[in-house]
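**Student:** Pasting a structure here, questions to come.
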Amino acid sequence: MSGSATPGRIRLLIADDEHLIRGALEALLGLEPDIEVVASADNGVTAAELALTTKPDICLLDLEMPRADGIEAATRILATVDTRVIIVTRHARPGVLRRALATRVAGFVPKSTPAEDLADVIRDVAAGKRYIDPEIAATALAAERCPLTDRELDALRISRSTTSVAQIAQELHLAPGTVRNYLSAAMMKLNATSRHDASEKAWQEGWI
């Protein structure tokens with residue numbers, strides 16, 4: 001990883017919690033004459049912090065990361081830094097692309113993308129273009145739309161990390177009874193047998 005920027009090169013931040021993959025991306029993309037890796041992170045929160053201090057041209061974020069996933073990290077980064085974000089993922093759940101586009105992510109590619117092709121995507125995105133992998137786009141277009149409201153999604157998202165209605169209510173600044181209503185409505189819409197089942201179905205679809 002370079003310690004200082006070189007004029008004319010695309011300044012890149014890489015975030016992936018898998019050390020081997022992150023290291024391989026740093027090494028391979030660092031060989032490109034017009035790309036310079038200026039920072040790397042193993043979680044979404046650190047990625048957002050590093051983006052604020054290093055001001056990269058492109059942030060290459062893994063979708064599945066601890067502390068904050070790629071889309072959550074992208075939301076934080078794009079709110080504070082003038083940069084562009086590319087999401088890479090091993091498993092593109094249908095609704096994830098819609099979430100990513102709503103966050104103003106400029107690129108969405110599978111982890112199976114060869115390094116040389118990924119470098120071209122980085123160049124295109126740095127030039128102001130948007131790139132969405134065709135297979136991911138086709139899958140997202142064919143998927144059913146989310147039937148849940150934003151509040152129902154919020155409740156299910158938090159319920160993946162806690163079983164306490166009181167804690168969900170506290171995080172959402174709502175009354176416990178209101179949270180129970182949201183969870184019950186989500187379970188009915190998803191034909192789920194439990195709160196956990198509903199949150200798992202929503203996660204599998206990429207809605208949360």
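Letters A, B, ... go to the chains of the structure tokens in the order shown; residues in each chain start at 1; ligands are counted from 1 in the same order.
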Write out as a CSV table (one decimal) with N, CA and C atoms, in the first residue's frame all residues of stretch 37-201 of chain A that DSSP puts in alpha helix (DSSP H) for this structure's backbone.
**Tutor:**
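For reference, out.csv as written:
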chain,number,residue,atom,x,y,z
A,44,GLY,N,-16.6,-2.4,7.8
A,44,GLY,CA,-17.2,-1.3,7.2
A,44,GLY,C,-17.0,0.0,8.0
A,45,VAL,N,-16.9,-0.1,9.3
A,45,VAL,CA,-16.7,1.1,10.1
A,45,VAL,C,-15.3,1.7,9.9
A,46,THR,N,-14.3,0.9,9.9
A,46,THR,CA,-13.0,1.4,9.7
A,46,THR,C,-12.8,1.9,8.2
A,47,ALA,N,-13.5,1.3,7.3
A,47,ALA,CA,-13.5,1.8,5.9
A,47,ALA,C,-14.0,3.2,5.8
A,48,ALA,N,-15.1,3.5,6.5
A,48,ALA,CA,-15.7,4.8,6.5
A,48,ALA,C,-14.8,5.8,7.2
A,49,GLU,N,-14.1,5.4,8.2
A,49,GLU,CA,-13.2,6.3,8.9
A,49,GLU,C,-12.0,6.6,8.0
A,50,LEU,N,-11.4,5.6,7.3
A,50,LEU,CA,-10.3,5.8,6.5
A,50,LEU,C,-10.7,6.6,5.2
A,51,ALA,N,-11.9,6.4,4.7
A,51,ALA,CA,-12.3,7.2,3.6
A,51,ALA,C,-12.3,8.7,3.9
A,52,LEU,N,-12.7,9.0,5.1
A,52,LEU,CA,-12.8,10.4,5.6
A,52,LEU,C,-11.4,11.0,5.6
A,53,THR,N,-10.4,10.2,6.0
A,53,THR,CA,-9.0,10.8,6.2
A,53,THR,C,-8.2,10.7,4.9
A,54,THR,N,-8.4,9.7,4.1
A,54,THR,CA,-7.6,9.6,2.9
A,54,THR,C,-8.2,10.1,1.6
A,70,GLY,N,-21.2,-3.6,3.4
A,70,GLY,CA,-20.7,-2.7,2.3
A,70,GLY,C,-21.7,-1.6,2.1
A,71,ILE,N,-23.0,-1.9,2.1
A,71,ILE,CA,-24.0,-0.8,1.8
A,71,ILE,C,-24.1,0.2,3.0
A,72,GLU,N,-24.0,-0.3,4.2
A,72,GLU,CA,-24.0,0.6,5.3
A,72,GLU,C,-22.8,1.5,5.3
A,73,ALA,N,-21.6,0.9,5.0
A,73,ALA,CA,-20.4,1.6,4.9
A,73,ALA,C,-20.5,2.7,3.8
A,74,ALA,N,-21.1,2.2,2.6
A,74,ALA,CA,-21.2,3.2,1.5
A,74,ALA,C,-22.1,4.4,1.9
A,75,THR,N,-23.1,4.1,2.7
A,75,THR,CA,-24.0,5.2,3.1
A,75,THR,C,-23.2,6.2,4.0
A,76,ARG,N,-22.4,5.7,4.9
A,76,ARG,CA,-21.6,6.6,5.7
A,76,ARG,C,-20.6,7.4,4.9
A,77,ILE,N,-19.9,6.6,4.0
A,77,ILE,CA,-18.9,7.3,3.2
A,77,ILE,C,-19.4,8.3,2.3
A,78,LEU,N,-20.5,8.0,1.6
A,78,LEU,CA,-21.0,9.0,0.6
A,78,LEU,C,-21.7,10.2,1.3
A,79,ALA,N,-22.0,10.1,2.5
A,79,ALA,CA,-22.5,11.2,3.3
A,79,ALA,C,-21.5,12.2,3.7
A,80,THR,N,-20.2,11.8,3.6
A,80,THR,CA,-19.1,12.7,4.1
A,80,THR,C,-18.0,12.9,3.2
A,94,PRO,N,-31.1,-10.9,-4.4
A,94,PRO,CA,-31.8,-10.1,-5.3
A,94,PRO,C,-32.0,-8.6,-4.9
A,95,GLY,N,-32.5,-8.4,-3.6
A,95,GLY,CA,-32.8,-7.1,-3.2
A,95,GLY,C,-31.6,-6.2,-2.9
A,96,VAL,N,-30.4,-6.8,-2.8
A,96,VAL,CA,-29.3,-6.0,-2.4
A,96,VAL,C,-28.9,-5.0,-3.5
A,97,LEU,N,-29.1,-5.3,-4.7
A,97,LEU,CA,-28.8,-4.3,-5.8
A,97,LEU,C,-29.7,-3.1,-5.7
A,98,ARG,N,-30.9,-3.3,-5.4
A,98,ARG,CA,-31.8,-2.1,-5.2
A,98,ARG,C,-31.4,-1.3,-4.0
A,99,ARG,N,-31.0,-1.9,-2.9
A,99,ARG,CA,-30.5,-1.2,-1.8
A,99,ARG,C,-29.2,-0.4,-2.1
A,100,ALA,N,-28.4,-1.0,-2.9
A,100,ALA,CA,-27.1,-0.4,-3.3
A,100,ALA,C,-27.4,0.8,-4.2
A,101,LEU,N,-28.2,0.7,-5.1
A,101,LEU,CA,-28.5,1.8,-6.0
A,101,LEU,C,-29.2,2.9,-5.3
A,102,ALA,N,-30.0,2.6,-4.3
A,102,ALA,CA,-30.7,3.7,-3.5
A,102,ALA,C,-29.6,4.4,-2.7
A,115,ALA,N,-9.2,-9.8,-12.1
A,115,ALA,CA,-8.6,-8.5,-11.6
A,115,ALA,C,-8.5,-7.5,-12.7
A,116,GLU,N,-8.1,-8.0,-13.9
A,116,GLU,CA,-8.0,-7.0,-15.0
A,116,GLU,C,-9.3,-6.4,-15.4
A,117,ASP,N,-10.4,-7.2,-15.3
A,117,ASP,CA,-11.7,-6.6,-15.6
A,117,ASP,C,-12.2,-5.7,-14.5
A,118,LEU,N,-11.8,-6.0,-13.3
A,118,LEU,CA,-12.2,-5.2,-12.1
A,118,LEU,C,-11.4,-3.8,-12.3
A,119,ALA,N,-10.2,-3.9,-12.7
A,119,ALA,CA,-9.5,-2.6,-12.9
A,119,ALA,C,-10.2,-1.7,-14.0
A,120,ASP,N,-10.7,-2.4,-15.0
A,120,ASP,CA,-11.4,-1.6,-16.0
A,120,ASP,C,-12.7,-1.0,-15.5
A,121,VAL,N,-13.4,-1.7,-14.6
A,121,VAL,CA,-14.6,-1.2,-13.9
A,121,VAL,C,-14.2,0.0,-13.1
A,122,ILE,N,-13.1,-0.1,-12.3
A,122,ILE,CA,-12.7,1.0,-11.5
A,122,ILE,C,-12.4,2.2,-12.3
A,123,ARG,N,-11.8,2.0,-13.5
A,123,ARG,CA,-11.5,3.2,-14.4
A,123,ARG,C,-12.8,3.8,-14.9
A,124,ASP,N,-13.7,3.0,-15.3
A,124,ASP,CA,-15.0,3.5,-15.8
A,124,ASP,C,-15.7,4.3,-14.7
A,125,VAL,N,-15.8,3.7,-13.5
A,125,VAL,CA,-16.5,4.4,-12.4
A,125,VAL,C,-15.8,5.7,-12.0
A,126,ALA,N,-14.5,5.7,-12.1
A,126,ALA,CA,-13.7,6.9,-11.8
A,126,ALA,C,-13.9,8.0,-12.8
A,134,PRO,N,-24.1,-7.6,-15.5
A,134,PRO,CA,-25.4,-8.0,-16.2
A,134,PRO,C,-26.2,-9.1,-15.5
A,135,GLU,N,-25.5,-10.1,-15.0
A,135,GLU,CA,-26.2,-11.2,-14.4
A,135,GLU,C,-26.9,-10.8,-13.1
A,136,ILE,N,-26.2,-10.0,-12.3
A,136,ILE,CA,-26.8,-9.4,-11.1
A,136,ILE,C,-28.0,-8.6,-11.4
A,137,ALA,N,-27.9,-7.7,-12.4
A,137,ALA,CA,-29.0,-6.9,-12.8
A,137,ALA,C,-30.2,-7.7,-13.3
A,138,ALA,N,-29.9,-8.7,-14.1
A,138,ALA,CA,-31.1,-9.6,-14.5
A,138,ALA,C,-31.8,-10.2,-13.4
A,139,THR,N,-31.0,-10.7,-12.4
A,139,THR,CA,-31.6,-11.4,-11.2
A,139,THR,C,-32.4,-10.4,-10.4
A,140,ALA,N,-31.9,-9.2,-10.3
A,140,ALA,CA,-32.6,-8.2,-9.5
A,140,ALA,C,-33.9,-7.8,-10.2
A,141,LEU,N,-33.9,-7.7,-11.5
A,141,LEU,CA,-35.1,-7.3,-12.2
A,141,LEU,C,-36.2,-8.4,-12.1
A,142,ALA,N,-35.7,-9.6,-12.0
A,142,ALA,CA,-36.7,-10.7,-12.0
A,142,ALA,C,-37.2,-11.0,-10.6
A,150,ASP,N,-40.6,0.5,5.4
A,150,ASP,CA,-39.3,0.9,5.9
A,150,ASP,C,-39.2,0.5,7.4
A,151,ARG,N,-40.2,0.8,8.2
A,151,ARG,CA,-40.2,0.6,9.6
A,151,ARG,C,-40.2,-0.9,9.9
A,152,GLU,N,-40.9,-1.7,9.1
A,152,GLU,CA,-40.9,-3.2,9.3
A,152,GLU,C,-39.5,-3.7,9.0
A,153,LEU,N,-38.9,-3.2,7.9
A,153,LEU,CA,-37.5,-3.6,7.6
A,153,LEU,C,-36.5,-3.2,8.7
A,154,ASP,N,-36.7,-2.0,9.3
A,154,ASP,CA,-35.8,-1.6,10.4
A,154,ASP,C,-35.9,-2.5,11.5
A,155,ALA,N,-37.2,-2.9,11.9
A,155,ALA,CA,-37.4,-3.8,13.0
A,155,ALA,C,-36.7,-5.2,12.8
A,156,LEU,N,-36.9,-5.7,11.6
A,156,LEU,CA,-36.3,-7.0,11.2
A,156,LEU,C,-34.8,-6.9,11.2
A,157,ARG,N,-34.3,-5.8,10.7
A,157,ARG,CA,-32.8,-5.7,10.6
A,157,ARG,C,-32.2,-5.7,12.0
A,158,ILE,N,-32.8,-5.0,12.9
A,158,ILE,CA,-32.2,-5.0,14.3
A,158,ILE,C,-32.5,-6.3,15.0
A,159,SER,N,-33.6,-7.0,14.7
A,159,SER,CA,-33.9,-8.2,15.3
A,159,SER,C,-32.9,-9.3,15.0
A,165,VAL,N,-37.4,-7.2,22.3
A,165,VAL,CA,-38.3,-6.1,21.7
A,165,VAL,C,-38.0,-4.8,22.3
A,166,ALA,N,-37.6,-4.8,23.6
A,166,ALA,CA,-37.3,-3.5,24.3
A,166,ALA,C,-36.1,-2.9,23.6
A,167,GLN,N,-35.1,-3.7,23.3
A,167,GLN,CA,-33.9,-3.1,22.7
A,167,GLN,C,-34.2,-2.6,21.2
A,168,ILE,N,-35.0,-3.4,20.5
A,168,ILE,CA,-35.4,-2.9,19.2
A,168,ILE,C,-36.1,-1.6,19.3
A,169,ALA,N,-37.0,-1.5,20.2
A,169,ALA,CA,-37.8,-0.3,20.4
A,169,ALA,C,-36.9,0.9,20.8
A,170,GLN,N,-35.9,0.6,21.6
A,170,GLN,CA,-34.9,1.7,22.1
A,170,GLN,C,-34.1,2.2,20.9
A,171,GLU,N,-33.7,1.3,20.0
A,171,GLU,CA,-32.9,1.7,18.9
A,171,GLU,C,-33.7,2.5,17.8
A,172,LEU,N,-35.0,2.1,17.7
A,172,LEU,CA,-35.9,2.8,16.8
A,172,LEU,C,-36.6,4.0,17.4
A,176,PRO,N,-42.5,-0.3,22.7
A,176,PRO,CA,-42.4,-1.7,22.4
A,176,PRO,C,-43.7,-2.3,21.7
A,177,GLY,N,-44.8,-1.8,22.1
A,177,GLY,CA,-46.1,-2.3,21.4
A,177,GLY,C,-46.1,-2.0,19.9
A,178,THR,N,-45.5,-0.8,19.5
A,178,THR,CA,-45.4,-0.4,18.1
A,178,THR,C,-44.5,-1.4,17.4
A,179,VAL,N,-43.4,-1.7,18.0
A,179,VAL,CA,-42.4,-2.6,17.4
A,179,VAL,C,-43.0,-4.0,17.2
A,180,ARG,N,-43.8,-4.5,18.2
A,180,ARG,CA,-44.5,-5.8,18.1
A,180,ARG,C,-45.4,-5.8,16.9
A,181,ASN,N,-46.1,-4.6,16.7
A,181,ASN,CA,-47.0,-4.5,15.6
A,181,ASN,C,-46.3,-4.6,14.3
A,182,TYR,N,-45.1,-3.9,14.2
A,182,TYR,CA,-44.3,-4.0,12.9
A,182,TYR,C,-43.8,-5.4,12.7
A,183,LEU,N,-43.4,-6.1,13.7
A,183,LEU,CA,-42.8,-7.4,13.6
A,183,LEU,C,-44.0,-8.4,13.2
A,184,SER,N,-45.1,-8.2,13.8
A,184,SER,CA,-46.2,-9.1,13.5
A,184,SER,C,-46.7,-8.9,12.0
A,185,ALA,N,-46.7,-7.6,11.6
A,185,ALA,CA,-47.1,-7.3,10.2
A,185,ALA,C,-46.1,-7.9,9.2
A,186,ALA,N,-44.8,-7.8,9.5
A,186,ALA,CA,-43.8,-8.4,8.7
A,186,ALA,C,-43.9,-9.9,8.6
A,187,MET,N,-44.2,-10.6,9.7
A,187,MET,CA,-44.4,-12.0,9.7
A,187,MET,C,-45.5,-12.4,8.9
A,188,MET,N,-46.6,-11.7,8.9
A,188,MET,CA,-47.8,-12.1,8.1
A,188,MET,C,-47.5,-11.9,6.7
A,189,LYS,N,-46.9,-10.8,6.3
A,189,LYS,CA,-46.6,-10.5,4.9
A,189,LYS,C,-45.6,-11.6,4.3
A,195,ARG,N,-40.4,-14.3,14.4
A,195,ARG,CA,-39.6,-13.1,14.1
A,195,ARG,C,-38.3,-13.4,13.4
A,196,HIS,N,-37.6,-14.5,13.9
A,196,HIS,CA,-36.3,-14.9,13.4
A,196,HIS,C,-36.5,-15.4,11.9
A,197,ASP,N,-37.6,-16.1,11.7
A,197,ASP,CA,-37.9,-16.6,10.3
A,197,ASP,C,-38.1,-15.5,9.4
A,198,ALA,N,-38.8,-14.5,9.8
A,198,ALA,CA,-39.1,-13.3,9.0
A,198,ALA,C,-37.9,-12.5,8.7
A,199,SER,N,-37.0,-12.3,9.7
A,199,SER,CA,-35.8,-11.6,9.4
A,199,SER,C,-34.8,-12.4,8.5
A,200,GLU,N,-34.8,-13.7,8.6
A,200,GLU,CA,-34.0,-14.5,7.8
A,200,GLU,C,-34.5,-14.5,6.3
A,201,LYS,N,-35.8,-14.5,6.1
A,201,LYS,CA,-36.3,-14.4,4.8
A,201,LYS,C,-36.0,-13.1,4.2
**Student:** Got a sec: who's within 9 Å of A:Lys55, counting only C-alpha atoms, leaving out chain neighbours fewer than 4 positions off, as a PyMOL selection string?
**Tutor:** chain A and resi 11+13+50-51+81-83
**Student:** Counting only C-alpha atoms, which residue out of A:Ile10, A:Cys146, A:Leu190, A:Leu61 sits closest to A:Gly206?
**Tutor:**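 The shortest atom-to-atom distance to A:Gly206 comes from A:Cys146.
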**Student:** Which residue, A:Met65, A:Ala192, A:Leu28, A:Ala202, has the smallest gap to A:Arg160 when you use only C-alpha atoms?
**Tutor:** A:Ala202
**Student:** Can you work out the spacing between atom CA of A:Leu25 and atom CA of A:Tyr131 in Å, to one decimal?
**Tutor:** 18.6 Å
**Student:** Do you have the atom CA of A:Asp17-atom CA of A:Trp203 distance handy?
**Tutor:**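 The value is 19.5 Å.
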**Student:** DSSP on the backbone, strand (DSSP E) only: what residues of stretch 9-112 of chain A does that give? Format it as a list of chain:residue names.
**Tutor:**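 Going through stretch 9-112 of chain A, the strand (DSSP E) residues come out as A:Ile10, A:Arg11, A:Leu12, A:Leu13, A:Ile14, A:Ala15, A:Ile35, A:Glu36, A:Val37, A:Val38, A:Ala39, A:Ser40, A:Ala41, A:Ile58, A:Cys59, A:Leu60, A:Leu61, A:Asp62, A:Arg84, A:Val85, A:Ile86, A:Ile87, A:Val88, A:Thr89, A:Gly107, A:Phe108, A:Val109, A:Pro110.
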**Student:** To one decimal place in Å, what is the distance between atom CA of A:Gly128 and atom CA of A:Gly23?
**Tutor:**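 Computing the Euclidean distance for atom CA of A:Gly128 and atom CA of A:Gly23 yields 26.6 Å.
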**Student:** Name the residues in contact with A:Gly107 at a cut-off of 6 Å, using only C-alpha atoms, excluding same-chain residues fewer than 3 positions from it; report them as a PDB file with C-alpha atoms, in the first residue's frame.
**Tutor:**
ATOM      1  CA  ILE A  86     -18.089  -0.105  -5.981  1.00  0.00           C
ATOM      2  CA  ARG A 130     -21.842   3.299 -13.607  1.00  0.00           C
ATOM      3  CA  TYR A 131     -21.263  -0.434 -13.915  1.00  0.00           C
ATOM      4  CA  ILE A 132     -23.671  -3.184 -12.835  1.00  0.00           C
TER       5      ILE A 132
END
